[in-house]
Amino acid sequence: MLRLIGVFKLLKALLILAVALGVMRLAHGDAADVLERVTTELHIDPEGRHVGRIVQKILSLDERHLRAFSAGMIVYACVFVVEGVGLILKKVWAEWFTVSVTASFVPLEVYEIARRPGAIRIGALAVNLAIVGYLVARLRRRPAR
């Protein structure tokens, strides 16, 4: 199970890194043109309710903010890489680190659910709570040294 959580963390890191690189690409070019090409290639309606809102928010950011957002996402992805690799290698420090980092985001997730409930948000919270619960139970079973 520990390795499965580690792989999950690495997959999240890859997804976040891909988005961060995409945002960085927007900072280097004409954001409207890039977003139009991406939505066309992925067969997404850029005028759709959710996508349109995201596109408008992205277009409202200047190059400096896009770079800062991308850098923050890269740092966040690095945290997931550290968690994932540590868990795959079955390191106790990685279990503690993962519990600390994952649990620290629970209040934010609860706040977001209270603000705008949705299946994805609730599912993400449930997965994160399950991970924290599993790791805490595992750490408590570990004999004291």
# chains A, B, ... in the order shown; residues from 1 in each chain; ligands from 1

call {"tool": "select_by_dssp", "arguments": {"residues": "chain A", "states": "alpha helix (DSSP H)", "output": "number ranges by chain"}}
result
A: 2-28, 31-41, 49-59, 63-88, 92-104, 106-115, 119-141

call {"tool": "residues_around", "arguments": {"residues": "region 89-101 of chain A", "least_positions_apart": "5", "cutoff": "7 Å", "atoms": "only C-alpha atoms", "output": "PyMOL selection string"}}
result
chain A and resi 2+83+132+135

call {"tool": "closest_residue", "arguments": {"among": "A:Leu87, A:Ala119, A:Ala137, A:Ala103", "to": "Gly6 (chain A)", "atoms": "only C-alpha atoms"}}
result
A:Leu87

call {"tool": "residues_around", "arguments": {"residues": "Leu4 (chain A)", "least_positions_apart": "3", "cutoff": "12 Å", "atoms": "only C-alpha atoms", "output": "PyMOL selection string"}}
result
chain A and resi 1+7-11+83-90+131

call {"tool": "atom_distance", "arguments": {"atom1": "CA of Leu66 (chain A)", "atom2": "CA of Ile16 (chain A)"}}
result
14.4 Å

call {"tool": "decode", "arguments": {"residues": "region 48-71 of chain A", "atoms": "N, CA and C atoms", "output": "PDB file, in the first residue's frame"}}
result
ATOM      1  N   GLY A  48     -17.246  27.179 -22.886  1.00  0.00           N
ATOM      2  CA  GLY A  48     -17.994  26.400 -21.900  1.00  0.00           C
ATOM      3  C   GLY A  48     -17.923  27.038 -20.518  1.00  0.00           C
ATOM      4  N   ARG A  49     -18.863  26.672 -19.676  1.00  0.00           N
ATOM      5  CA  ARG A  49     -19.001  27.309 -18.365  1.00  0.00           C
ATOM      6  C   ARG A  49     -17.714  27.262 -17.543  1.00  0.00           C
ATOM      7  N   HIS A  50     -17.143  26.082 -17.368  1.00  0.00           N
ATOM      8  CA  HIS A  50     -15.956  25.942 -16.530  1.00  0.00           C
ATOM      9  C   HIS A  50     -14.689  26.367 -17.269  1.00  0.00           C
ATOM     10  N   VAL A  51     -14.524  25.902 -18.460  1.00  0.00           N
ATOM     11  CA  VAL A  51     -13.326  26.231 -19.232  1.00  0.00           C
ATOM     12  C   VAL A  51     -13.266  27.720 -19.516  1.00  0.00           C
ATOM     13  N   GLY A  52     -14.394  28.320 -19.875  1.00  0.00           N
ATOM     14  CA  GLY A  52     -14.416  29.750 -20.160  1.00  0.00           C
ATOM     15  C   GLY A  52     -13.969  30.582 -18.974  1.00  0.00           C
ATOM     16  N   ARG A  53     -14.396  30.178 -17.781  1.00  0.00           N
ATOM     17  CA  ARG A  53     -13.994  30.888 -16.561  1.00  0.00           C
ATOM     18  C   ARG A  53     -12.485  30.763 -16.329  1.00  0.00           C
ATOM     19  N   ILE A  54     -11.956  29.573 -16.528  1.00  0.00           N
ATOM     20  CA  ILE A  54     -10.517  29.345 -16.345  1.00  0.00           C
ATOM     21  C   ILE A  54      -9.720  30.134 -17.375  1.00  0.00           C
ATOM     22  N   VAL A  55     -10.167  30.086 -18.635  1.00  0.00           N
ATOM     23  CA  VAL A  55      -9.479  30.828 -19.701  1.00  0.00           C
ATOM     24  C   VAL A  55      -9.455  32.315 -19.383  1.00  0.00           C
ATOM     25  N   GLN A  56     -10.566  32.858 -18.928  1.00  0.00           N
ATOM     26  CA  GLN A  56     -10.614  34.292 -18.593  1.00  0.00           C
ATOM     27  C   GLN A  56      -9.675  34.638 -17.450  1.00  0.00           C
ATOM     28  N   LYS A  57      -9.601  33.784 -16.449  1.00  0.00           N
ATOM     29  CA  LYS A  57      -8.689  34.034 -15.325  1.00  0.00           C
ATOM     30  C   LYS A  57      -7.232  34.002 -15.789  1.00  0.00           C
ATOM     31  N   ILE A  58      -6.917  33.045 -16.630  1.00  0.00           N
ATOM     32  CA  ILE A  58      -5.540  32.939 -17.129  1.00  0.00           C
ATOM     33  C   ILE A  58      -5.192  34.157 -17.980  1.00  0.00           C
ATOM     34  N   LEU A  59      -6.108  34.568 -18.838  1.00  0.00           N
ATOM     35  CA  LEU A  59      -5.841  35.715 -19.707  1.00  0.00           C
ATOM     36  C   LEU A  59      -5.706  37.020 -18.925  1.00  0.00           C
ATOM     37  N   SER A  60      -6.249  37.049 -17.714  1.00  0.00           N
ATOM     38  CA  SER A  60      -6.139  38.273 -16.911  1.00  0.00           C
ATOM     39  C   SER A  60      -4.788  38.403 -16.213  1.00  0.00           C
ATOM     40  N   LEU A  61      -3.986  37.336 -16.230  1.00  0.00           N
ATOM     41  CA  LEU A  61      -2.673  37.366 -15.573  1.00  0.00           C
ATOM     42  C   LEU A  61      -1.600  37.905 -16.513  1.00  0.00           C
ATOM     43  N   ASP A  62      -0.685  38.698 -15.963  1.00  0.00           N
ATOM     44  CA  ASP A  62       0.436  39.170 -16.775  1.00  0.00           C
ATOM     45  C   ASP A  62       1.575  38.141 -16.707  1.00  0.00           C
ATOM     46  N   GLU A  63       2.628  38.379 -17.483  1.00  0.00           N
ATOM     47  CA  GLU A  63       3.739  37.422 -17.588  1.00  0.00           C
ATOM     48  C   GLU A  63       4.373  37.145 -16.228  1.00  0.00           C
ATOM     49  N   ARG A  64       4.536  38.163 -15.404  1.00  0.00           N
ATOM     50  CA  ARG A  64       5.166  37.991 -14.082  1.00  0.00           C
ATOM     51  C   ARG A  64       4.335  37.063 -13.203  1.00  0.00           C
ATOM     52  N   HIS A  65       3.021  37.242 -13.219  1.00  0.00           N
ATOM     53  CA  HIS A  65       2.148  36.390 -12.414  1.00  0.00           C
ATOM     54  C   HIS A  65       2.098  34.957 -12.950  1.00  0.00           C
ATOM     55  N   LEU A  66       2.118  34.811 -14.262  1.00  0.00           N
ATOM     56  CA  LEU A  66       2.145  33.464 -14.848  1.00  0.00           C
ATOM     57  C   LEU A  66       3.423  32.730 -14.452  1.00  0.00           C
ATOM     58  N   ARG A  67       4.548  33.425 -14.470  1.00  0.00           N
ATOM     59  CA  ARG A  67       5.827  32.809 -14.072  1.00  0.00           C
ATOM     60  C   ARG A  67       5.805  32.432 -12.589  1.00  0.00           C
ATOM     61  N   ALA A  68       5.284  33.319 -11.757  1.00  0.00           N
ATOM     62  CA  ALA A  68       5.218  33.046 -10.320  1.00  0.00           C
ATOM     63  C   ALA A  68       4.308  31.844 -10.044  1.00  0.00           C
ATOM     64  N   PHE A  69       3.169  31.799 -10.720  1.00  0.00           N
ATOM     65  CA  PHE A  69       2.238  30.690 -10.564  1.00  0.00           C
ATOM     66  C   PHE A  69       2.899  29.383 -10.991  1.00  0.00           C
ATOM     67  N   SER A  70       3.604  29.422 -12.109  1.00  0.00           N
ATOM     68  CA  SER A  70       4.294  28.242 -12.617  1.00  0.00           C
ATOM     69  C   SER A  70       5.388  27.792 -11.649  1.00  0.00           C
ATOM     70  N   ALA A  71       6.146  28.729 -11.116  1.00  0.00           N
ATOM     71  CA  ALA A  71       7.212  28.387 -10.169  1.00  0.00           C
ATOM     72  C   ALA A  71       6.628  27.746  -8.911  1.00  0.00           C
TER      73      ALA A  71
END
